[in-house]
Each structure stands twice: as C-alpha cells, then as structure tokens.
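Engineer: Dropping in work07.tsv, with TSV, C-alpha atoms.
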```
chain	number	residue	atom	x	y	z
A	1	MET	CA	21.51	16.11	-31.33
A	2	LEU	CA	20.60	15.44	-27.69
A	3	VAL	CA	18.47	12.44	-28.65
A	4	PHE	CA	21.31	11.19	-30.86
A	5	LEU	CA	23.82	11.42	-28.00
A	6	VAL	CA	21.41	9.78	-25.54
A	7	ASP	CA	20.95	6.91	-28.02
A	8	TRP	CA	24.72	6.42	-28.12
A	9	LEU	CA	24.88	6.51	-24.33
A	10	ASN	CA	22.04	3.98	-24.19
A	11	LEU	CA	23.90	1.71	-26.61
A	12	LEU	CA	27.19	1.89	-24.71
A	13	VAL	CA	25.55	1.29	-21.32
A	14	ARG	CA	23.54	-1.61	-22.79
A	15	TRP	CA	26.74	-3.06	-24.23
A	16	ALA	CA	28.50	-2.74	-20.88
A	17	HIS	CA	25.50	-4.27	-19.09
A	18	PHE	CA	25.63	-7.24	-21.45
A	19	VAL	CA	29.39	-7.71	-21.03
A	20	PHE	CA	29.32	-7.50	-17.22
A	21	GLY	CA	26.24	-9.74	-17.12
A	22	VAL	CA	28.02	-12.38	-19.18
A	23	GLY	CA	30.93	-12.25	-16.72
A	24	TRP	CA	28.67	-12.52	-13.66
A	25	ILE	CA	26.46	-15.27	-15.05
A	26	GLY	CA	29.44	-17.16	-16.43
A	27	ALA	CA	31.15	-17.08	-13.03
A	28	SER	CA	27.93	-18.19	-11.31
A	29	PHE	CA	27.44	-21.10	-13.69
A	30	TYR	CA	31.09	-22.09	-13.44
A	31	PHE	CA	31.27	-22.13	-9.65
A	32	VAL	CA	28.01	-24.04	-9.28
A	33	TRP	CA	29.35	-26.58	-11.75
A	34	LEU	CA	32.65	-26.63	-9.87
A	35	ASP	CA	30.91	-27.32	-6.55
A	36	LEU	CA	28.93	-30.15	-8.12
A	37	SER	CA	32.03	-31.65	-9.75
A	38	LEU	CA	34.02	-31.98	-6.52
A	39	ARG	CA	35.04	-35.51	-5.61
A	40	GLN	CA	36.59	-37.12	-2.55
A	41	ARG	CA	39.99	-38.58	-3.39
A	42	GLU	CA	42.47	-40.80	-1.60
A	43	LYS	CA	45.09	-38.11	-1.00
A	44	MET	CA	43.83	-34.64	-0.17
A	45	ASN	CA	45.24	-31.80	1.88
A	46	PRO	CA	43.90	-31.38	5.44
A	47	GLY	CA	40.52	-29.64	5.55
A	48	VAL	CA	39.80	-30.13	1.84
A	49	TYR	CA	36.17	-31.02	1.11
A	50	GLY	CA	36.76	-32.22	-2.44
A	51	THR	CA	38.79	-31.66	-5.58
A	52	SER	CA	38.14	-31.35	-9.28
A	53	TRP	CA	40.35	-31.90	-12.31
A	54	LEU	CA	39.73	-29.78	-15.41
A	55	VAL	CA	41.18	-29.42	-18.88
A	56	HIS	CA	40.85	-26.24	-20.91
A	57	GLY	CA	42.85	-24.25	-23.43
A	58	GLY	CA	45.52	-26.91	-23.74
A	59	GLY	CA	46.23	-27.12	-20.02
A	60	PHE	CA	45.17	-29.09	-16.94
A	61	TYR	CA	43.85	-27.57	-13.69
A	62	HIS	CA	43.50	-29.03	-10.22
A	63	VAL	CA	41.02	-27.22	-7.97
A	64	GLU	CA	40.50	-27.83	-4.24
A	65	LYS	CA	37.62	-26.64	-2.08
A	66	TYR	CA	37.97	-26.46	1.70
A	67	SER	CA	35.12	-27.39	4.01
A	68	VAL	CA	35.55	-24.04	5.74
A	69	ALA	CA	38.92	-22.46	4.88
A	70	PRO	CA	42.62	-23.35	4.75
A	71	ALA	CA	44.84	-22.73	7.76
A	72	ARG	CA	46.67	-20.00	5.84
A	73	LEU	CA	45.56	-17.78	2.99
A	74	PRO	CA	47.82	-16.75	0.09
A	75	GLU	CA	48.40	-13.11	-0.69
A	76	ASP	CA	46.91	-13.34	-4.21
A	77	LEU	CA	43.37	-14.32	-3.22
A	78	HIS	CA	40.95	-13.52	-6.05
A	79	TRP	CA	37.49	-12.09	-5.35
A	80	PHE	CA	34.64	-12.34	-7.83
A	81	ILE	CA	32.63	-9.23	-7.03
A	82	TRP	CA	32.85	-6.53	-9.69
A	83	GLU	CA	30.95	-8.53	-12.31
A	84	ALA	CA	27.85	-8.53	-10.09
A	85	TYR	CA	28.20	-4.93	-8.95
A	86	LEU	CA	28.74	-3.50	-12.42
A	87	THR	CA	25.93	-5.60	-13.92
A	88	TRP	CA	23.50	-4.00	-11.48
A	89	VAL	CA	24.96	-0.48	-11.88
A	90	THR	CA	24.73	-0.59	-15.68
A	91	GLY	CA	21.28	-2.20	-15.47
A	92	PHE	CA	19.98	0.59	-13.25
A	93	ALA	CA	21.59	3.13	-15.58
A	94	LEU	CA	19.65	1.56	-18.45
A	95	LEU	CA	16.46	1.79	-16.41
A	96	ILE	CA	17.12	5.51	-15.99
A	97	LEU	CA	17.97	6.12	-19.65
A	98	GLN	CA	15.17	4.04	-21.14
A	99	TYR	CA	12.33	4.35	-18.64
A	100	TYR	CA	12.94	7.32	-16.35
A	101	PHE	CA	14.00	9.80	-19.06
A	102	ASN	CA	11.11	8.63	-21.26
A	103	ALA	CA	8.62	7.98	-18.48
A	104	THR	CA	5.54	9.14	-20.37
A	105	ALA	CA	6.36	6.83	-23.30
A	106	TYR	CA	7.79	3.72	-21.63
A	107	LEU	CA	7.04	3.76	-17.91
A	108	ILE	CA	3.52	5.19	-17.64
A	109	ASP	CA	0.29	4.01	-19.23
A	110	PRO	CA	-2.59	6.35	-18.30
A	111	GLN	CA	-5.08	3.55	-18.95
A	112	VAL	CA	-3.39	1.53	-16.20
A	113	LEU	CA	-2.65	4.33	-13.73
A	114	ASP	CA	-2.38	8.02	-14.54
A	115	LEU	CA	0.87	9.02	-12.81
A	116	ALA	CA	3.18	11.98	-13.04
A	117	PRO	CA	6.72	10.97	-14.11
A	118	ARG	CA	8.19	11.78	-10.68
A	119	GLU	CA	5.53	9.62	-8.99
A	120	ALA	CA	6.22	6.66	-11.28
A	121	ILE	CA	9.99	6.97	-10.78
A	122	ALA	CA	9.59	7.16	-6.99
A	123	ILE	CA	7.43	4.02	-7.00
A	124	SER	CA	10.01	2.27	-9.18
A	125	VAL	CA	12.97	3.03	-6.88
A	126	ALA	CA	11.03	2.32	-3.68
A	127	SER	CA	9.71	-1.00	-4.98
A	128	LEU	CA	13.20	-2.27	-5.82
A	129	ALA	CA	14.38	-1.49	-2.30
A	130	ALA	CA	11.23	-2.99	-0.73
A	131	GLY	CA	11.59	-6.17	-2.80
A	132	TRP	CA	15.11	-6.75	-1.47
A	133	LEU	CA	14.09	-6.06	2.14
A	134	ILE	CA	11.18	-8.51	1.94
A	135	TYR	CA	13.33	-11.19	0.33
A	136	ASP	CA	16.16	-10.69	2.82
A	137	GLY	CA	13.67	-10.83	5.69
A	138	LEU	CA	12.30	-14.14	4.40
A	139	CYS	CA	15.81	-15.60	4.21
A	140	ARG	CA	16.63	-14.51	7.77
A	141	SER	CA	13.29	-15.67	9.19
A	142	PRO	CA	12.54	-19.25	10.36
A	143	ILE	CA	11.28	-19.89	6.83
A	144	GLY	CA	14.88	-19.53	5.65
A	145	SER	CA	15.86	-22.82	7.26
A	146	ASN	CA	13.42	-24.72	5.04
A	147	PRO	CA	14.66	-24.53	1.40
A	148	ALA	CA	11.38	-25.71	-0.14
A	149	LEU	CA	9.24	-23.33	1.90
A	150	LEU	CA	11.63	-20.45	1.27
A	151	GLY	CA	11.55	-21.17	-2.46
A	152	LEU	CA	7.75	-21.02	-2.48
A	153	ALA	CA	7.80	-17.78	-0.49
A	154	VAL	CA	10.23	-16.11	-2.92
A	155	PHE	CA	8.17	-17.40	-5.86
A	156	ALA	CA	5.05	-15.86	-4.31
A	157	GLU	CA	6.86	-12.56	-3.67
A	158	VAL	CA	7.98	-12.23	-7.29
A	159	CYS	CA	4.53	-13.15	-8.64
A	160	LEU	CA	2.89	-10.64	-6.30
A	161	ALA	CA	5.35	-7.98	-7.44
A	162	ALA	CA	4.43	-8.76	-11.06
A	163	TYR	CA	0.73	-8.37	-10.23
A	164	LEU	CA	1.30	-5.01	-8.52
A	165	TYR	CA	3.62	-3.70	-11.23
A	166	SER	CA	1.03	-4.55	-13.90
A	167	HIS	CA	-1.47	-2.32	-12.06
A	168	VAL	CA	0.96	0.60	-11.84
A	169	PHE	CA	3.16	0.69	-14.96
A	170	SER	CA	2.82	0.00	-18.66
A	171	GLY	CA	2.98	-3.65	-19.69
A	172	ARG	CA	6.52	-3.34	-20.98
A	173	ALA	CA	7.70	-1.53	-17.84
A	174	ALA	CA	5.93	-4.00	-15.56
A	175	LEU	CA	7.89	-7.01	-16.84
A	176	ILE	CA	11.16	-5.09	-16.98
A	177	HIS	CA	10.62	-4.08	-13.35
A	178	VAL	CA	10.07	-7.69	-12.32
A	179	GLY	CA	13.42	-8.47	-13.94
A	180	ALA	CA	15.00	-5.44	-12.25
A	181	LEU	CA	13.56	-6.51	-8.90
A	182	VAL	CA	14.98	-10.02	-9.20
A	183	GLY	CA	18.28	-8.62	-10.47
A	184	THR	CA	18.42	-6.28	-7.47
A	185	MET	CA	17.84	-9.20	-5.11
A	186	MET	CA	20.65	-11.12	-6.79
A	187	ALA	CA	23.13	-8.22	-6.76
A	188	ALA	CA	22.25	-7.36	-3.16
A	189	ASN	CA	22.87	-10.99	-2.22
A	190	VAL	CA	26.44	-10.51	-3.40
A	191	PHE	CA	26.94	-7.00	-1.99
A	192	MET	CA	25.05	-7.37	1.31
A	193	VAL	CA	25.55	-11.03	2.25
A	194	ILE	CA	27.97	-13.16	0.25
A	195	ILE	CA	30.96	-10.80	0.09
A	196	PRO	CA	30.59	-9.45	3.68
A	197	ASN	CA	30.46	-13.02	5.00
A	198	GLN	CA	33.54	-13.95	3.00
A	199	ARG	CA	35.36	-10.89	4.33
A	200	LYS	CA	34.51	-11.89	7.90
A	201	MET	CA	35.83	-15.40	7.28
A	202	THR	CA	39.00	-13.98	5.74
A	203	ALA	CA	39.51	-11.63	8.69
A	204	SER	CA	39.17	-14.53	11.14
A	205	LEU	CA	41.80	-16.51	9.26
A	206	LEU	CA	44.20	-13.59	9.17
A	207	GLN	CA	43.81	-13.24	12.95
A	208	GLY	CA	44.55	-16.95	13.42
A	209	GLU	CA	40.94	-17.76	14.42
A	210	ASP	CA	38.62	-20.42	13.09
A	211	PRO	CA	35.96	-18.79	10.86
A	212	ASP	CA	32.28	-19.31	11.60
A	213	PRO	CA	31.12	-22.06	9.19
A	214	ARG	CA	27.59	-20.65	9.25
A	215	LEU	CA	28.82	-17.61	7.33
A	216	GLY	CA	29.81	-19.85	4.46
A	217	GLN	CA	26.51	-21.74	4.62
A	218	ILE	CA	24.52	-18.51	4.37
A	219	GLY	CA	26.64	-17.34	1.45
A	220	LYS	CA	26.12	-20.68	-0.28
A	221	GLN	CA	22.34	-20.38	0.17
A	222	ARG	CA	22.23	-16.93	-1.44
A	223	SER	CA	24.57	-18.03	-4.22
A	224	THR	CA	22.27	-20.97	-4.98
A	225	HIS	CA	19.28	-18.61	-5.13
A	226	ASN	CA	21.16	-16.46	-7.64
A	227	ASN	CA	21.94	-19.49	-9.76
A	228	TYR	CA	18.29	-20.57	-9.99
A	229	LEU	CA	17.05	-17.04	-10.66
A	230	THR	CA	19.50	-16.35	-13.49
A	231	LEU	CA	17.55	-17.89	-16.38
A	232	PRO	CA	14.20	-16.32	-15.41
A	233	VAL	CA	15.73	-12.85	-15.00
A	234	LEU	CA	17.43	-13.08	-18.41
A	235	LEU	CA	14.12	-13.77	-20.14
A	236	MET	CA	12.34	-10.99	-18.28
A	237	MET	CA	15.06	-8.55	-19.27
A	238	VAL	CA	14.45	-9.21	-22.99
A	239	SER	CA	10.66	-9.36	-22.61
A	240	GLY	CA	10.35	-5.80	-23.95
A	241	HIS	CA	10.92	-7.17	-27.45
A	242	TYR	CA	7.90	-9.48	-27.27
A	243	PRO	CA	4.40	-7.95	-27.01
A	244	MET	CA	2.90	-11.43	-26.53
A	245	LEU	CA	4.54	-11.32	-23.07
A	246	TYR	CA	4.29	-7.75	-21.87
A	247	SER	CA	0.88	-6.95	-23.33
A	248	HIS	CA	-0.81	-9.93	-21.69
A	249	PRO	CA	-3.52	-8.93	-19.18
A	250	HIS	CA	-2.25	-11.38	-16.54
A	251	THR	CA	1.42	-10.50	-16.16
A	252	TRP	CA	1.84	-12.43	-12.93
A	253	LEU	CA	0.92	-15.68	-14.69
A	254	ILE	CA	3.51	-15.00	-17.38
A	255	VAL	CA	6.10	-14.40	-14.66
A	256	ALA	CA	5.06	-17.58	-12.84
A	257	PHE	CA	5.63	-19.65	-15.97
A	258	ILE	CA	8.99	-17.96	-16.62
A	259	LEU	CA	10.13	-18.71	-13.05
A	260	VAL	CA	9.10	-22.36	-13.27
A	261	ILE	CA	10.60	-22.94	-16.71
A	262	GLY	CA	13.89	-21.20	-15.93
A	263	ALA	CA	14.36	-22.76	-12.50
A	264	MET	CA	13.57	-26.27	-13.75
A	265	VAL	CA	15.99	-25.99	-16.67
A	266	ARG	CA	18.65	-24.74	-14.27
A	267	HIS	CA	17.94	-27.64	-11.87
A	268	PHE	CA	18.18	-30.13	-14.74
A	269	ILE	CA	21.58	-28.73	-15.77
A	270	ASN	CA	22.84	-28.66	-12.17
A	271	ARG	CA	21.93	-32.27	-11.48
A	272	ALA	CA	23.38	-33.37	-14.81
A	273	ASP	CA	26.62	-31.56	-13.92
A	274	ALA	CA	26.60	-33.30	-10.55
A	275	GLY	CA	26.60	-36.67	-12.30
A	276	ASP	CA	23.24	-37.85	-10.93
A	277	ALA	CA	21.45	-40.68	-12.68
A	278	PHE	CA	19.21	-39.26	-15.42
A	279	PRO	CA	15.93	-40.76	-14.09
A	280	THR	CA	16.38	-38.95	-10.76
A	281	TYR	CA	16.26	-35.48	-12.30
A	282	SER	CA	14.52	-35.95	-15.67
A	283	TRP	CA	11.28	-34.80	-14.04
A	284	ALA	CA	12.67	-31.24	-13.99
A	285	LEU	CA	12.87	-31.16	-17.78
A	286	LEU	CA	9.32	-32.51	-17.99
A	287	VAL	CA	8.04	-29.78	-15.68
A	288	ALA	CA	9.89	-27.15	-17.75
A	289	ALA	CA	8.35	-28.55	-20.95
A	290	LEU	CA	4.86	-28.49	-19.43
A	291	GLY	CA	5.48	-24.92	-18.26
A	292	LEU	CA	6.52	-23.92	-21.77
A	293	VAL	CA	3.38	-25.47	-23.26
A	294	GLY	CA	1.32	-23.63	-20.65
A	295	ALA	CA	3.03	-20.31	-21.44
A	296	ILE	CA	2.49	-20.76	-25.18
A	297	PHE	CA	-1.17	-21.61	-24.62
A	298	LEU	CA	-1.61	-18.64	-22.28
A	299	THR	CA	-0.07	-16.15	-24.69
A	300	GLN	CA	-1.78	-17.31	-27.89
A	301	PRO	CA	-3.65	-14.50	-29.66
A	302	GLU	CA	-7.27	-14.19	-28.69
A	303	PRO	CA	-9.72	-14.38	-31.57
A	304	ARG	CA	-10.90	-11.00	-32.70
A	305	SER	CA	-14.44	-9.94	-31.98
A	306	GLN	CA	-16.98	-11.55	-34.29
A	307	THR	CA	-18.97	-8.34	-34.36
A	308	ALA	CA	-19.14	-7.11	-37.93
A	309	ILE	CA	-16.93	-4.06	-38.40
A	310	ALA	CA	-17.14	-1.97	-41.53
A	311	VAL	CA	-13.82	-1.92	-43.32
A	312	PRO	CA	-12.58	1.68	-43.22
A	313	SER	CA	-11.35	3.44	-46.30
A	314	ASP	CA	-7.66	4.04	-46.96
A	315	ARG	CA	-8.18	7.68	-46.03
A	316	ASP	CA	-9.74	6.73	-42.66
A	317	VAL	CA	-6.92	4.31	-41.91
A	318	LEU	CA	-4.32	6.94	-42.72
A	319	ALA	CA	-6.12	9.29	-40.34
A	320	ILE	CA	-5.81	6.67	-37.56
A	321	LEU	CA	-2.11	6.24	-38.32
A	322	ASP	CA	-1.56	9.98	-38.43
A	323	LYS	CA	-3.25	10.40	-35.04
A	324	HIS	CA	-1.60	7.52	-33.18
A	325	CYS	CA	1.47	6.22	-35.04
A	326	VAL	CA	3.20	8.71	-37.31
A	327	MET	CA	4.51	10.89	-34.48
A	328	CYS	CA	7.06	8.08	-33.87
A	329	HIS	CA	6.85	5.89	-36.97
A	330	SER	CA	7.84	8.39	-39.62
A	331	PRO	CA	11.10	9.05	-41.48
A	332	GLN	CA	11.28	12.25	-39.42
A	333	PRO	CA	9.47	11.59	-36.11
A	334	SER	CA	7.91	14.52	-34.29
A	335	HIS	CA	8.10	12.72	-30.93
A	336	ASP	CA	10.80	14.21	-28.69
A	337	GLY	CA	12.21	10.78	-27.86
A	338	PHE	CA	13.06	9.70	-31.41
A	339	GLU	CA	15.17	10.99	-34.27
A	340	VAL	CA	14.52	7.94	-36.45
A	341	PRO	CA	11.49	5.62	-36.50
A	342	PRO	CA	11.74	2.79	-33.90
A	343	ALA	CA	12.81	-0.51	-35.45
A	344	ASP	CA	12.94	1.37	-38.78
A	345	VAL	CA	9.15	1.03	-39.09
A	346	ALA	CA	7.54	3.97	-40.89
A	347	LEU	CA	3.75	4.10	-41.28
A	348	ASP	CA	3.14	7.25	-43.32
A	349	THR	CA	1.61	5.54	-46.33
A	350	ILE	CA	-0.64	2.67	-47.33
A	351	PRO	CA	2.32	0.70	-48.80
A	352	ASP	CA	4.13	1.16	-45.46
A	353	LEU	CA	1.13	-0.25	-43.59
A	354	ARG	CA	0.91	-3.24	-45.94
A	355	ARG	CA	4.63	-3.88	-45.46
A	356	PHE	CA	4.45	-3.86	-41.66
A	357	ALA	CA	0.90	-5.21	-41.34
A	358	GLU	CA	1.87	-8.21	-39.19
A	359	ARG	CA	3.76	-6.04	-36.71
A	360	VAL	CA	0.91	-3.55	-36.51
A	361	MET	CA	-1.56	-6.38	-36.03
A	362	ALA	CA	0.50	-7.88	-33.19
A	363	GLN	CA	1.29	-4.68	-31.32
A	364	ALA	CA	-1.64	-2.35	-31.96
A	365	VAL	CA	-4.62	-4.60	-32.76
A	366	ARG	CA	-4.33	-7.93	-30.95
A	367	GLY	CA	-2.26	-6.25	-28.24
A	368	ASP	CA	-2.10	-2.73	-26.87
A	369	ALA	CA	1.69	-2.35	-26.77
A	370	MET	CA	1.44	0.51	-29.24
A	371	PRO	CA	1.20	3.46	-29.10
A	372	LEU	CA	3.82	3.55	-26.33
A	373	GLY	CA	2.04	4.15	-23.06
A	374	ASN	CA	-1.01	4.83	-25.23
A	375	GLU	CA	0.01	8.49	-25.10
A	376	THR	CA	-2.44	9.35	-27.86
A	377	GLY	CA	-5.40	7.52	-26.30
A	378	MET	CA	-6.06	5.01	-29.09
A	379	THR	CA	-9.51	3.47	-28.58
A	380	ASP	CA	-10.60	-0.16	-28.96
A	381	GLN	CA	-12.82	0.91	-31.85
A	382	GLU	CA	-9.84	2.37	-33.68
A	383	ARG	CA	-7.85	-0.81	-33.08
A	384	ASP	CA	-10.74	-2.88	-34.45
A	385	GLN	CA	-11.00	-0.65	-37.52
A	386	LEU	CA	-7.26	-0.95	-38.15
A	387	GLY	CA	-7.49	-4.72	-37.77
A	388	ALA	CA	-10.46	-4.96	-40.13
A	389	TRP	CA	-8.57	-3.01	-42.79
A	390	ILE	CA	-5.47	-5.24	-42.47
A	391	GLU	CA	-7.51	-8.45	-42.62
A	392	ASP	CA	-9.41	-7.19	-45.66
A	393	ARG	CA	-6.18	-6.39	-47.51
A	394	GLN	CA	-4.41	-9.68	-46.75
```
Now that the file is in, can you turn its structure into structure tokens?

Structural biologist:
Amino acid sequence: MLVFLVDWLNLLVRWAHFVFGVGWIGASFYFVWLDLSLRQREKMNPGVYGTSWLVHGGGFYHVEKYSVAPARLPEDLHWFIWEAYLTWVTGFALLILQYYFNATAYLIDPQVLDLAPREAIAISVASLAAGWLIYDGLCRSPIGSNPALLGLAVFAEVCLAAYLYSHVFSGRAALIHVGALVGTMMAANVFMVIIPNQRKMTASLLQGEDPDPRLGQIGKQRSTHNNYLTLPVLLMMVSGHYPMLYSHPHTWLIVAFILVIGAMVRHFINRADAGDAFPTYSWALLVAALGLVGAIFLTQPEPRSQTAIAVPSDRDVLAILDKHCVMCHSPQPSHDGFEVPPADVALDTIPDLRRFAERVMAQAVRGDAMPLGNETGMTDQERDQLGAWIEDRQ
C-alpha cells in the first residue's frame, strides 16, 4: 500500500511539474518573442522603447516596452514568478521521490562509486548549490561582460558537471542531475537576480526616483540565459527514458551535443522571430543538424564482441533472469520499490523474454542500464550470454 501511495504521489507531483514547467517555458518563449517583435513607431509614449501589435483569440493587443520604466506604475502590475518557483519546487520533489527514496536502485551504481544513500543524497544537494554559486560567480566576474566568453564558460561548467556526475552516480541519475543543475541555475536566476532587480526598480519608481538601468540589463542577461538553456534542460529531463543516452560511457559528450543542438535551435527560432534575413541565421540550424548527426553517431550501438560465446540453454537463461531481473520484472515483484513490473515488462518465462527481447538487448546487453544500479551485480559474461541467446532465437 505504501508503494502504491508513493506512486500516486509521484504521478501527481510529476503532473504538477509538467504543468508549471509549461507555464514557465511558455512565458519565457513569449517574452523573448515579444522583445524581438518590438518596433519603433511614429507615435509612442515618452520613454517607450518599442511596441508590438498582436492578434489572438479574436482580439487585438497593443504592447509597449519602456527603455527603463514608466514615470508611474499602475496598481495592477503583474509579476511572472510562481511558474518558475513551482517548477523548481516540484522538480526537486520529484528528485526526492524518484531518486532519494530509491537511492540504491536509481541514484547509486556500486560499479561507478559505492556510496551509502545518505552520502549520495548529500553530494546531490551540495552539487546543485555549488553549480549555482559557480555560475553566478561567472556572471558577476569580468567574464560576465563578454557574452561569448561567458557562454563558453557556462558550457564548460555544465560539461564538467556531467563528467563528475557520471563518476559518482548511476548513468540515469547522472543525466537527470545535469538537468536538475541547469534547472536550478535557471530558477535561481529568477529567484535571486531577475525578481529582486525588478523589485528594486519598482521601489525606486514608487519613491519617485529613477531606477538603475543596470538592474534591468542584468535581469535581461539572466533571462536570455534561461531562454537558451530551456531546450537542453527539457531533453535532459526526459533522458531517463532512453538508455542510449544515459548508459553511454562518455556522458559529458552527450551533454555537450545536447547543449549545442538545443541552443542553436533556440537561436534559430529567436532570430526568425526577430525578422532577420534567413541567410544571417541559417548557420544555427546547420550547426544544430551537425550536432544531431554527431550525437546519433556517438550513441550508435557498439558491435558485440566477436569472441565466440556458447549459446546458453533456456534453463541457464532463466537462471540469469531469476538472479538479475525477476525481482522487479515479475507480475508480483519482490523488490521493495515496485508493486507492478516497471513498464509492464515481465521476464519470468521464455515467451516473456522473446516478447521483450529488443528491450532486454538494449538495456541489459548492449547497455548496462539494467538491472537498476546493477544492484544484483550482473557480470559482463552474463550479459554476453543473454545476448547470445537472444541473437540465436531471432
């Protein structure tokens, strides 16, 4: 019953995380588009930087953006903050439910680093905080005044984090933590920089003072970072469904390709929204396409060893399954973390193995995603034997 209730809690938190994330990302995409759509017009109110005309839902909208701020603020000023805050809160709650409560299955891989659950959880929390502090320090340093150099520095930080995570956690947890790290940076940008700066500007206006324009410039910088990081973080958050990504031995290279592809696609969309001539930004789509080709090439399955392996008998294969798989993948799992087999995959019988042969081949033979965290200590020889049996029966 406890596992059943935790599954429902996991589902509801995941649902909320998705809903809040859609709101945050949608607002980010909209306001970046809005900034890029602004145009100078013949008649504009004093202090207005540009305006945009929109049509939606059967109505027309006229939006103005001030270079700094208007002389007087209305009482009904809307703040876009809770989408970001609640996306991070629900995301961290998911990290707790999925990875901290099931640390031995999802977070820890003894073949990578044999950690106690409390040690792994402490490293996880500390790394998220350290990632933000390093990123924030880079933005506030002299490097922060050079957008290209700052971009390279943040790229290097995330790739280094991926390398370190892959030497501490399981493959699945490593990529999820890269996504959590980037998501933490993005949410902290809103909570620690963008909103505080906007509050300071608002306070100055209410006191009849001119707000510091640099506060808005800093907020714009962090908002732009969030916009370019959105697509990469989305892919890393769903990476747990794809063993070809999280079981790769060079996680940092996978992350590097994801960052390049996502950022270039975002840049292409931004420049298209800005109305630039296609030849001036088409290179971004080419770079994204080359990155995708590189990622596909990098993640292609490696050929199995050419060393002749005797095909095991059905009884031997069932013994391997019973030792390493059936504790989870059974109609009635004995593993404490499951009441039903994950993904509805049961491997009790030979017909079951034939039915799910491709999944087993991908996750337990060509990759080492299964067993989770390799709790049962499945050996390379056993993986080879399982693969030989599947290939012989195909």

Engineer: With distances taken over all atoms listed in the file, which of A:Pro232, A:Pro243, A:Gly291, A:Pro279 is nearest to Val365 of chain A?

Structural biologist: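 Using all atoms listed in the file, the shortest distance to Val365 of chain A belongs to A:Pro243.
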
Engineer: Give one line per residue of segment 15-66 of chain A that approaches segment 266-271 of chain A to at most 9 Å, naming the two atoms of the closest pair and their distance in Å to one decimal, counting all atoms listed in the file; sort by chain then ascending residue number and deliver it as JSON lines.

Structural biologist:
```
{"residue": "A:Phe29", "atom": "CA", "partner": "A:Asn270", "partner_atom": "CA", "distance": 9.0}
{"residue": "A:Val32", "atom": "CA", "partner": "A:Asn270", "partner_atom": "CA", "distance": 7.5}
{"residue": "A:Trp33", "atom": "CA", "partner": "A:Asn270", "partner_atom": "CA", "distance": 6.8}
{"residue": "A:Leu36", "atom": "CA", "partner": "A:Asn270", "partner_atom": "CA", "distance": 7.5}
```

Engineer: Excluding Tyr242 of chain A and any residue of its chain fewer than 4 positions from it, enumerate the residues within 10 Å of it, using all atoms listed in the file, and give them as a ChimeraX atom specification.

Structural biologist: /A:172,238,246-247,362-363,369

Engineer: List the neighbours of segment 76-84 of chain A out to 8 Å using all atoms listed in the file; skip same-chain residues closer than 3 positions along the sequence, and give me the result as a ChimeraX atom specification.

Structural biologist: /A:20-21,23-24,27,73,87-88,187,190-191,195

Engineer: For atom CA of Ala69 of chain A and atom CA of Asn189 of chain A, quote the distance in Å rounded to one decimal.

Structural biologist: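 That distance, rounded to one decimal, is 21.0 Å.
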
Engineer: Which residue gives the smallest distance to Ser330 of chain A among A:Thr349, A:Asn102, A:Ser52, A:Ser127, with only C-alpha atoms counted?

Structural biologist: A:Thr349

Engineer: Give the answer as one residue: which of A:Val233, A:His241, A:Val193, A:Ala364 has the shortest atom-to-atom distance to Ala343 of chain A, using only C-alpha atoms?

Structural biologist: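 Closest to Ala343 of chain A, using only C-alpha atoms: A:His241.
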
Engineer: Please measure the separation of atom CA of Leu94 of chain A and atom CA of His177 of chain A, giving the value in Å to one decimal.

Structural biologist: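 Going from atom CA of Leu94 of chain A over to atom CA of His177 of chain A, I get 11.8 Å.
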
Engineer: Rounded to one decimal place, report the atom CA of Val6 of chain A-atom CA of Asp322 of chain A distance in Å.

Structural biologist: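 The value is 26.3 Å.
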
Engineer: Step by step: start from the point (5.7, -18.3, -11.6) in the file's coordinates, keep every protein, DNA or RNA residue that has an atom no farther than 9 Å from it, count all atoms listed in the file, and write the set as a list in words.

Structural biologist: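 All residues meeting the 9 Å criterion around (5.7, -18.3, -11.6) are Phe155, Ala156, Val158, Cys159, Trp252, Leu253, Ile254, Val255, Ala256, Phe257, Ile258, Leu259, Val260 and Ile261 of chain A.
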
Engineer: Looking at A:Leu372, A:Ala105, A:Leu128, A:Val68, which one is nearest to Gln217 of chain A, with distances taken over only C-alpha atoms?

Structural biologist: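 The shortest atom-to-atom distance to Gln217 of chain A comes from A:Val68.
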
Engineer: From the list A:Gly240, A:Gly58, A:Gly151, A:Gly275, which residue is nearest Ser37 of chain A when using only C-alpha atoms?

Structural biologist: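 Checking each candidate against Ser37 of chain A, we get A:Gly275 as the closest.
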
Engineer: Would you mind telling me which residue in A:Arg72, A:Glu157, A:Ala174, A:Ile143 lies nearest to Ser124 of chain A when using only C-alpha atoms?

Structural biologist: A:Ala174

Engineer: Skip Lys65 of chain A itself and residues of its chain fewer than 3 positions away, then list as a short mmCIF file (atom, residue, chain, number, x, y, z; two decimals) with C-alpha atoms, in the coordinates of the input all residues within 7 Å of it, counting all atoms listed in the file.

Structural biologist:
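The new file part_9.cif reads:
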```cif
data_model
loop_
_atom_site.label_atom_id
_atom_site.label_comp_id
_atom_site.auth_asym_id
_atom_site.auth_seq_id
_atom_site.Cartn_x
_atom_site.Cartn_y
_atom_site.Cartn_z
CA VAL A 48 39.80 -30.13 1.84
CA TYR A 49 36.17 -31.02 1.11
CA GLY A 50 36.76 -32.22 -2.44
CA THR A 51 38.79 -31.66 -5.58
#
```

Engineer: Hey, can you pull every residue with an atom no more than 9 Å from (10.3, -6.1, -3.1), using all atoms listed in the file, and send it as an NGL selection string?

Structural biologist: :A and (126-135 or 157-158 or 161 or 181-182 or 185)

Engineer: Give me the residues near Ala122 of chain A as a list in words, where near means some atom within 12 Å (using all atoms listed in the file) and where sequence neighbours in that chain fewer than 3 positions away do not count.

Structural biologist: Ile96, Tyr100, Ala103, Leu107, Leu115, Ala116, Pro117, Arg118, Glu119, Val125, Ala126, Ser127, Leu128, Ala129 and Val168 of chain A

Engineer: The centre and edge lengths of an axis-aligned box containing all atoms of segment 99-113 of chain A present in the file, extended by 3 Å on each side, are to be given in Å to one decimal, as lines of an AutoDock Vina configuration file.

Structural biologist:
```
center_x = 4.5
center_y = 5.7
center_z = -18.5
size_x = 25.1
size_y = 14.3
size_z = 15.6
```

Engineer: At a cut-off of 9 Å, using all atoms listed in the file, what residues contact Pro70 of chain A? Leave out same-chain residues fewer than 4 positions from it and give the result as an MDAnalysis selection string.

Structural biologist: chainID A and resid 46:48 66 205
